[in-house]
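Novice: The structure under discussion is supplied below as structure tokens; questions concerning it will follow.
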Amino acid sequence: MTEATPNRSLSEFPLAMAAAVRPLLPGLDRAAYVRFLDAMVHYTRGSGARLEHAAKYAPTPELKAFFADMAADEGGHYRLAEADLQALGASPTDGQASVEPIAEFHRAWLASTNAADWLGALYVLENVANALAGDIPPHLVRLGLTKA
């Protein structure tokens, strides 16, 4: 998907993403949160197909099983973001320029047959939230957002 970055540990990438996002959190308002949820709908809507593609081309039985299990688990996650959007009185955008980076990511994923690309992307994307876990709750409270 991208060229390798020499001399960097994979674990540094989610930390770097979190560091880039952290300064933006104080400026987060409800409109920005709605845009984030919209992006999550578009990102997660295609996750089942992306993971099935990875399972199809994975080089080992273990990786095939890993990606197939993830595909089964992740396939409907977009519905969670859609429900959150609806609770905030919004609905997913359709064909907007703001979702083009997500479509580009989907195209790059599906163009690859390299399991290292997929594993690296998954590691980073699945762990950036962990790196921000302590930073986000106060902003959700500030915005009046609850689990409901």
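Labels used: A, B, ... for chains in the order of the structure tokens, numbers from 1 for residues in each chain, and numbers from 1 for ligands as shown.
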Mind checking which residues fall within 9 Å of Ser11 of chain A, counting only C-alpha atoms, ignoring those fewer than 5 positions away in the same chain, and posting them as an NGL selection string?
Specialist: :A and (123-124 or 127)
Novice: Enumerate, in order of chain and increasing residue number, the residues of segment 64-108 of chain A with an atom no farther than 10 Å from segment 29-35 of chain A, each with its shortest atom pair and distance in Å to one decimal, counting only C-alpha atoms, as CSV.
Specialist:
residue,atom,partner,partner_atom,distance
A:Ala81,CA,A:Val34,CA,9.6
A:Asp84,CA,A:Val34,CA,8.7
A:Leu85,CA,A:Val34,CA,6.4
A:Gln86,CA,A:Val34,CA,9.7
A:Leu88,CA,A:Val34,CA,7.5
A:Gly89,CA,A:Val34,CA,9.2
A:Ala90,CA,A:Val34,CA,7.3
A:Ser91,CA,A:Val34,CA,9.0
A:Pro92,CA,A:Arg35,CA,9.0
A:Thr93,CA,A:Arg35,CA,9.1
A:Ser98,CA,A:Arg35,CA,8.8
A:Val99,CA,A:Arg35,CA,9.8
Novice: Give me the residues near Gly46 of chain A as a PyMOL selection string, where near means some atom within 10 Å (using only C-alpha atoms) and where sequence neighbours in that chain fewer than 2 positions away do not count.
Specialist: chain A and resi 41-44+48-51+71+74-78+102-103+106
Novice: Keeping only N, CA and C atoms, write the selected residues to a file as a CSV table (one decimal), in the first residue's frame.
Specialist:
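File written: result-v8.csv
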chain,number,residue,atom,x,y,z
A,41,VAL,N,-18.6,5.3,9.1
A,41,VAL,CA,-19.6,4.5,8.3
A,41,VAL,C,-18.9,4.0,7.0
A,42,HIS,N,-18.3,5.0,6.3
A,42,HIS,CA,-17.8,4.6,5.0
A,42,HIS,C,-16.5,3.7,5.1
A,43,TYR,N,-15.7,3.9,6.2
A,43,TYR,CA,-14.6,3.1,6.4
A,43,TYR,C,-15.0,1.6,6.7
A,44,THR,N,-15.9,1.5,7.6
A,44,THR,CA,-16.3,0.2,8.1
A,44,THR,C,-17.3,-0.5,7.2
A,48,GLY,N,-15.8,-5.8,5.6
A,48,GLY,CA,-16.0,-7.3,5.3
A,48,GLY,C,-15.4,-7.7,4.0
A,49,ALA,N,-15.7,-6.9,2.9
A,49,ALA,CA,-15.1,-7.2,1.6
A,49,ALA,C,-13.6,-7.1,1.6
A,50,ARG,N,-13.1,-6.1,2.3
A,50,ARG,CA,-11.6,-6.0,2.3
A,50,ARG,C,-11.0,-7.2,3.0
A,51,LEU,N,-11.6,-7.6,4.1
A,51,LEU,CA,-11.0,-8.7,4.9
A,51,LEU,C,-11.2,-10.0,4.1
A,71,ALA,N,-13.3,-10.8,9.0
A,71,ALA,CA,-14.4,-10.5,8.0
A,71,ALA,C,-15.8,-10.8,8.6
A,74,GLU,N,-16.3,-8.2,11.6
A,74,GLU,CA,-16.3,-6.7,11.2
A,74,GLU,C,-17.4,-6.3,10.2
A,75,GLY,N,-18.0,-7.3,9.5
A,75,GLY,CA,-18.8,-7.0,8.4
A,75,GLY,C,-20.0,-6.0,8.7
A,76,GLY,N,-20.6,-6.0,9.9
A,76,GLY,CA,-21.7,-5.2,10.2
A,76,GLY,C,-21.4,-4.0,11.1
A,77,HIS,N,-20.1,-3.7,11.3
A,77,HIS,CA,-19.7,-2.7,12.2
A,77,HIS,C,-20.2,-1.3,11.8
A,78,TYR,N,-20.4,-1.1,10.5
A,78,TYR,CA,-20.8,0.2,10.0
A,78,TYR,C,-22.2,0.5,10.5
A,102,ILE,N,-11.1,7.7,2.0
A,102,ILE,CA,-11.5,6.4,2.5
A,102,ILE,C,-11.6,5.4,1.3
A,103,ALA,N,-12.2,5.9,0.2
A,103,ALA,CA,-12.3,5.1,-1.0
A,103,ALA,C,-10.9,4.8,-1.6
A,106,HIS,N,-9.6,1.9,0.4
A,106,HIS,CA,-10.2,0.7,0.0
A,106,HIS,C,-9.6,0.2,-1.3
Novice: DSSP on the backbone, alpha helix (DSSP H) only: what residues of segment 7-138 of chain A does that give? Format it as a PyMOL selection string.
Specialist: chain A and resi 12-21+30-45+47-57+61-74+78-87+100-111+115-132+137-138
Novice: Tell me, in Å to one decimal, how far atom CA of Ile136 of chain A is from atom CA of Leu10 of chain A.
Specialist: 23.0 Å
Novice: So, counting only C-alpha atoms, which residue among A:Gly120, A:Phe66, A:Leu28, A:Asn130 is closest to Ser9 of chain A?
Specialist: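 Closest residue, counting only C-alpha atoms: A:Gly120.
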